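In what follows, a structure is listed as structure tokens, so that the remarks can point back to it.
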Amino acid sequence: MKALAQAEFEAWAHTYDRSLLNRFLFQPSYRMFLEELYGWRKTKDTPFDLLDIGCGTGTFAGMLAGSELPARIVGLDYAPAMCRVAEEKARRAGVEDRLRFVAADSEHLPFADASFDAVTCSNSFHHYPHQQAVVCEMRRVLRPGGRLMLIDGFRDNIIGWVAFDVIIGAVEKEVHHAPWTEIDGYFRTAGFRDIRRRKFNFWMPVLLTMGVA
Ligand SMILES: C[S@@+](CC[C@H](N)C(=O)[O-])C[C@H]1O[C@@H](n2cnc3c(N)ncnc32)[C@H](O)[C@@H]1O
């Protein structure tokens, strides 16, 4: 499953940003993260450390780096080609001093315990074969009071089931869009509290699940 995802995104890296999914799925996800981060951090002017897992070509990381939020950002992705495109985009945007990219697996995060104040992950979780283990890793690298924000396809209504289980499942093959109850269980087992959810994007419904470490 991991090898398949890595091969898919190595091949897709240079045209990924031109995909229609950007407009209909990825961009709404970045906007949702920014809305939540602004709501949480706007009144605090202290810098914070954020890890974006499955960062792809680093569009969200770049948007955050260009915002007024004082975030120190690390993007992590299993496909080295995605990280290289992300680095190049950050250089072109002149924000490379506020972020860096690491090629690694979400299941084995190469960071010490309690290294980050926030972990984000959008549209990547369905590629992970051991989802509970990844949520535990996310929890491990968060500082006490830190937040996990996880976005992935919502397959618990008919539109989401067709979009994610039927269509994306047929295209991407070995993926698992977890029902919301399963994601809730992962968060609870990993020790997150104050779990909240927001569903958005009517025609390609996605679910943001948040928890506090
Ligand atoms: C559909 S893209 C999403 C990228 C970005 N977060 C966004 O919302 O546009 C999924 C990304 O997850 C990455 N990925 C898949 N499996 C991974 C794993 N085990 N560890 C880290 N990243 C992974 C892929 O390489 C790909 O870049």
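Ordering of the structure tokens sets the chain letters (A, B, ...); residue numbers start at 1 within each chain; ligands are numbered from 1 in the order shown.
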Enumerate as a ChimeraX atom specification the residues within 8 Å of ligand 1, counting only C-alpha atoms and all ligand atoms. /A:2,5-6,8-10,13,22,25-27,29-30,52-60,76-80,82,103-107,121-125,127-129
Grab the residues selected above and save them as a compact mmCIF listing (two decimals), in the first residue's frame with N, CA and C atoms.
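Final output, out16.txt:
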```txt
# COMPACT_ATOMS: atom_id res chain seq x y z
N LYS A 2 1.94 1.24 0.83
CA LYS A 2 2.82 2.42 0.88
C LYS A 2 3.60 2.57 -0.42
N ALA A 5 1.40 4.06 -3.06
CA ALA A 5 1.20 5.51 -2.86
C ALA A 5 2.46 6.27 -3.27
N GLN A 6 3.62 5.74 -2.89
CA GLN A 6 4.86 6.45 -3.21
C GLN A 6 5.04 6.53 -4.73
N GLU A 8 2.70 6.37 -7.03
CA GLU A 8 1.68 7.25 -7.60
C GLU A 8 2.11 8.72 -7.49
N PHE A 9 2.61 9.10 -6.32
CA PHE A 9 2.91 10.53 -6.12
C PHE A 9 4.28 10.93 -6.65
N GLU A 10 5.21 9.98 -6.77
CA GLU A 10 6.46 10.29 -7.47
C GLU A 10 6.15 10.67 -8.91
N ALA A 13 4.06 14.20 -9.16
CA ALA A 13 4.58 15.41 -8.50
C ALA A 13 4.58 16.65 -9.40
N ASN A 22 -7.39 20.04 -7.12
CA ASN A 22 -6.89 21.19 -6.36
C ASN A 22 -8.00 22.15 -6.02
N LEU A 25 -11.08 20.00 -4.04
CA LEU A 25 -10.85 19.23 -2.82
C LEU A 25 -9.70 19.80 -1.97
N PHE A 26 -8.55 20.04 -2.60
CA PHE A 26 -7.37 20.39 -1.81
C PHE A 26 -7.45 21.83 -1.28
N GLN A 27 -7.78 22.79 -2.17
CA GLN A 27 -7.82 24.19 -1.73
C GLN A 27 -8.84 24.41 -0.60
N SER A 29 -9.59 22.41 1.64
CA SER A 29 -8.98 21.82 2.85
C SER A 29 -7.96 22.80 3.46
N TYR A 30 -7.14 23.43 2.61
CA TYR A 30 -6.14 24.38 3.13
C TYR A 30 -6.85 25.56 3.81
N ASP A 52 3.17 19.41 8.89
CA ASP A 52 2.13 19.03 7.92
C ASP A 52 2.53 17.69 7.30
N ILE A 53 1.76 16.65 7.65
CA ILE A 53 2.10 15.28 7.23
C ILE A 53 1.38 14.94 5.91
N GLY A 54 2.12 14.37 4.98
CA GLY A 54 1.56 14.09 3.65
C GLY A 54 1.36 15.42 2.94
N CYS A 55 2.41 16.25 2.99
CA CYS A 55 2.28 17.68 2.61
C CYS A 55 2.17 17.88 1.11
N GLY A 56 2.42 16.82 0.32
CA GLY A 56 2.33 16.97 -1.13
C GLY A 56 3.32 18.00 -1.63
N THR A 57 2.87 18.88 -2.52
CA THR A 57 3.76 19.88 -3.10
C THR A 57 3.86 21.14 -2.22
N GLY A 58 3.46 21.03 -0.98
CA GLY A 58 3.70 22.09 0.00
C GLY A 58 2.86 23.34 -0.17
N THR A 59 1.70 23.22 -0.82
CA THR A 59 0.88 24.42 -1.04
C THR A 59 0.36 24.99 0.27
N PHE A 60 -0.17 24.11 1.14
CA PHE A 60 -0.67 24.62 2.43
C PHE A 60 0.48 25.19 3.26
N LEU A 76 6.17 17.07 5.63
CA LEU A 76 6.73 15.71 5.53
C LEU A 76 5.93 14.94 4.48
N ASP A 77 6.64 14.25 3.60
CA ASP A 77 5.94 13.45 2.60
C ASP A 77 6.78 12.23 2.24
N TYR A 78 6.08 11.14 1.93
CA TYR A 78 6.75 9.87 1.63
C TYR A 78 7.36 9.86 0.23
N ALA A 79 6.88 10.75 -0.64
CA ALA A 79 7.38 10.80 -2.01
C ALA A 79 8.44 11.90 -2.12
N PRO A 80 9.72 11.56 -2.29
CA PRO A 80 10.76 12.59 -2.36
C PRO A 80 10.51 13.63 -3.45
N MET A 82 7.70 14.90 -4.40
CA MET A 82 6.75 15.91 -3.89
C MET A 82 7.52 16.92 -3.02
N ALA A 103 11.53 14.05 3.59
CA ALA A 103 10.94 12.86 2.96
C ALA A 103 10.96 11.73 3.98
N ALA A 104 9.79 11.30 4.45
CA ALA A 104 9.71 10.25 5.47
C ALA A 104 8.30 9.68 5.48
N ASP A 105 8.15 8.59 6.25
CA ASP A 105 6.88 7.88 6.35
C ASP A 105 6.11 8.36 7.59
N SER A 106 4.83 8.61 7.41
CA SER A 106 4.00 9.10 8.52
C SER A 106 3.98 8.13 9.71
N GLU A 107 4.27 6.87 9.44
CA GLU A 107 4.19 5.87 10.52
C GLU A 107 5.43 5.89 11.39
N CYS A 121 -2.84 17.25 8.57
CA CYS A 121 -2.71 16.16 7.59
C CYS A 121 -3.96 16.21 6.72
N SER A 122 -3.80 16.51 5.43
CA SER A 122 -5.00 16.61 4.59
C SER A 122 -4.91 15.71 3.38
N ASN A 123 -5.99 14.96 3.16
CA ASN A 123 -6.18 14.15 1.95
C ASN A 123 -5.05 13.12 1.73
N SER A 124 -4.48 12.66 2.81
CA SER A 124 -3.36 11.72 2.74
C SER A 124 -3.62 10.46 3.56
N PHE A 125 -4.42 10.59 4.61
CA PHE A 125 -4.61 9.53 5.62
C PHE A 125 -5.10 8.21 5.00
N HIS A 127 -4.18 6.72 2.54
CA HIS A 127 -3.08 5.92 1.98
C HIS A 127 -2.33 5.14 3.06
N TYR A 128 -2.65 5.34 4.32
CA TYR A 128 -1.83 4.73 5.38
C TYR A 128 -2.37 3.36 5.77
N PRO A 129 -1.55 2.32 5.65
CA PRO A 129 -2.04 0.97 5.97
C PRO A 129 -2.28 0.74 7.46
```
Region 146-196 of chain A near region 32-48 of chain A within 10 Å: what's each residue's closest atom pair and its distance in Å to one decimal, counting only C-alpha atoms, ordered by chain then ascending residue number, as a tab-separated table?
```
residue	atom	partner	partner_atom	distance
A:Gly146	CA	A:Phe48	CA	9.8
A:Arg147	CA	A:Trp40	CA	9.7
A:Met149	CA	A:Phe33	CA	7.5
A:Leu150	CA	A:Phe33	CA	9.2
A:Ile151	CA	A:Phe33	CA	8.8
```
Residues of the last selection are to be written out with N, CA and C atoms, as a PDB file, in the first residue's frame.
```pdb
ATOM      1  N   GLY A 146      -1.112  20.596  22.466  1.00  0.00           N
ATOM      2  CA  GLY A 146      -0.994  20.737  21.009  1.00  0.00           C
ATOM      3  C   GLY A 146      -2.196  20.136  20.303  1.00  0.00           C
ATOM      4  N   ARG A 147      -2.367  20.492  19.023  1.00  0.00           N
ATOM      5  CA  ARG A 147      -3.582  20.064  18.304  1.00  0.00           C
ATOM      6  C   ARG A 147      -3.282  19.259  17.057  1.00  0.00           C
ATOM      7  N   MET A 149      -5.059  18.211  13.521  1.00  0.00           N
ATOM      8  CA  MET A 149      -6.156  18.501  12.588  1.00  0.00           C
ATOM      9  C   MET A 149      -5.993  17.576  11.389  1.00  0.00           C
ATOM     10  N   LEU A 150      -6.944  16.673  11.245  1.00  0.00           N
ATOM     11  CA  LEU A 150      -6.864  15.637  10.209  1.00  0.00           C
ATOM     12  C   LEU A 150      -8.050  15.770   9.260  1.00  0.00           C
ATOM     13  N   ILE A 151      -7.745  15.946   7.976  1.00  0.00           N
ATOM     14  CA  ILE A 151      -8.811  16.053   6.968  1.00  0.00           C
ATOM     15  C   ILE A 151      -8.698  14.879   6.007  1.00  0.00           C
TER      16      ILE A 151
END
```
Every residue of region 30-202 of chain A that DSSP places in strand (DSSP E or B), as JSON, numbers by chain: {"A": [48, 49, 50, 51, 52, 53, 71, 72, 73, 74, 75, 76, 77, 99, 100, 101, 102, 103, 116, 117, 118, 119, 120, 121, 122, 142, 143, 144, 145, 146, 147, 148, 149, 150, 151, 152, 153, 193, 194, 195, 196, 197, 198, 199, 200]}
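The gap separating CA of Val74 (chain A) from CA of Gly169 (chain A) is 29.0 Å, in Å to one decimal.
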Can you build me a table of region 64-167 of chain A residues sitting at most 7 Å from region 186-197 of chain A, with the closest atom pair per residue and its distance in Å to one decimal, using only C-alpha atoms, sorted by chain and residue number, as CSV?
```
residue,atom,partner,partner_atom,distance
A:Gln132,CA,A:Tyr186,CA,5.3
A:Val135,CA,A:Ala190,CA,6.4
A:Cys136,CA,A:Ala190,CA,4.9
A:Arg139,CA,A:Ala190,CA,6.5
```
Pick out the residues sitting within 6 Å of Arg143 (chain A), and hand them over as an mmCIF file with N, CA and C atoms, in the first residue's frame; count only C-alpha atoms, and ignore anything fewer than 2 positions along from it in its own chain.
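Contents of out24.cif, as written:
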```
data_model
loop_
_atom_site.group_PDB
_atom_site.id
_atom_site.type_symbol
_atom_site.label_atom_id
_atom_site.label_comp_id
_atom_site.auth_asym_id
_atom_site.auth_seq_id
_atom_site.Cartn_x
_atom_site.Cartn_y
_atom_site.Cartn_z
ATOM 1 N N ALA A 114 7.113 15.307 21.630
ATOM 2 C CA ALA A 114 6.729 16.679 22.004
ATOM 3 C C ALA A 114 7.549 17.748 21.256
ATOM 4 N N PHE A 116 6.171 19.455 18.438
ATOM 5 C CA PHE A 116 5.300 20.369 17.677
ATOM 6 C C PHE A 116 4.086 20.815 18.498
ATOM 7 N N ASP A 117 3.577 22.003 18.120
ATOM 8 C CA ASP A 117 2.342 22.517 18.738
ATOM 9 C C ASP A 117 1.114 22.133 17.918
ATOM 10 N N GLY A 146 -1.112 20.596 22.466
ATOM 11 C CA GLY A 146 -0.994 20.737 21.009
ATOM 12 C C GLY A 146 -2.196 20.136 20.303
#
```
Going by DSSP on the backbone, which residues of region 11-162 of chain A come out as helix (DSSP H, G or I)? List them as an NGL selection string. :A and (11-12 or 16-18 or 20-41 or 59-65 or 80-93 or 96-98 or 125-127 or 131-141 or 158-162)
Would you mind exporting C-alpha atoms of the selected residues as a compact mmCIF listing (two decimals), in the first residue's frame?
```
# COMPACT_ATOMS: atom_id res chain seq x y z
CA ALA A 11 4.90 10.14 -10.91
CA TRP A 12 2.31 12.85 -10.21
CA TYR A 16 -0.14 17.62 -9.24
CA ASP A 17 -0.78 21.35 -8.86
CA ARG A 18 -2.67 21.44 -12.19
CA LEU A 20 -8.84 19.67 -10.96
CA LEU A 21 -8.85 18.14 -7.48
CA ASN A 22 -6.89 21.19 -6.36
CA ARG A 23 -9.86 23.43 -6.90
CA PHE A 24 -12.55 21.06 -5.68
CA LEU A 25 -10.85 19.23 -2.82
CA PHE A 26 -7.37 20.39 -1.81
CA GLN A 27 -7.82 24.19 -1.73
CA PRO A 28 -10.99 24.01 0.45
CA SER A 29 -8.98 21.82 2.85
CA TYR A 30 -6.14 24.38 3.13
CA ARG A 31 -8.68 27.15 3.75
CA MET A 32 -10.28 25.10 6.53
CA PHE A 33 -6.88 24.58 8.24
CA LEU A 34 -6.12 28.31 8.01
CA GLU A 35 -9.54 29.21 9.45
CA GLU A 36 -8.99 26.89 12.41
CA LEU A 37 -5.40 28.03 12.96
CA TYR A 38 -6.41 31.70 12.87
CA GLY A 39 -9.19 31.02 15.37
CA TRP A 40 -6.73 29.27 17.68
CA ARG A 41 -3.50 31.33 17.33
CA THR A 59 0.88 24.42 -1.04
CA PHE A 60 -0.67 24.62 2.43
CA ALA A 61 2.76 24.99 4.07
CA GLY A 62 3.54 27.85 1.66
CA MET A 63 0.20 29.56 2.32
CA LEU A 64 0.80 29.38 6.07
CA ALA A 65 4.40 30.61 5.69
CA PRO A 80 10.76 12.59 -2.36
CA ALA A 81 9.66 14.16 -5.67
CA MET A 82 6.75 15.91 -3.89
CA CYS A 83 9.22 17.33 -1.34
CA ARG A 84 11.53 18.59 -4.11
CA VAL A 85 8.62 20.37 -5.86
CA ALA A 86 7.57 21.82 -2.48
CA GLU A 87 11.10 23.15 -1.80
CA GLU A 88 11.28 24.74 -5.24
CA LYS A 89 7.87 26.43 -4.76
CA ALA A 90 8.91 27.78 -1.35
CA ARG A 91 12.12 29.22 -2.89
CA ARG A 92 10.17 30.87 -5.70
CA ALA A 93 7.71 32.36 -3.19
CA GLU A 96 12.02 29.11 2.34
CA ASP A 97 13.41 30.47 5.64
CA ARG A 98 10.08 29.69 7.39
CA PHE A 125 -4.61 9.53 5.62
CA HIS A 126 -6.48 7.07 3.33
CA HIS A 127 -3.08 5.92 1.98
CA GLN A 131 -3.89 4.31 10.56
CA GLN A 132 -4.04 3.81 14.32
CA ALA A 133 -0.23 3.66 14.50
CA VAL A 134 0.01 6.94 12.57
CA VAL A 135 -2.42 8.74 14.89
CA CYS A 136 -0.33 7.50 17.86
CA GLU A 137 2.81 8.88 16.14
CA MET A 138 1.03 12.21 15.60
CA ARG A 139 0.14 12.27 19.31
CA ARG A 140 3.73 11.39 20.31
CA VAL A 141 5.27 14.38 18.48
CA ILE A 158 -24.13 8.74 -0.36
CA ILE A 159 -22.21 11.51 -2.19
CA GLY A 160 -19.03 10.84 -0.22
CA TRP A 161 -19.37 7.09 -0.62
CA VAL A 162 -19.59 7.42 -4.42
```
Please indicate the distance in Å from CA of Leu207 (chain A) to CA of Phe154 (chain A), rounded to one decimal place.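 Rounded to one decimal, the two atoms are 5.3 Å apart.
You will find CA of Ala118 (chain A) at 9.2 Å from CA of Gly145 (chain A).
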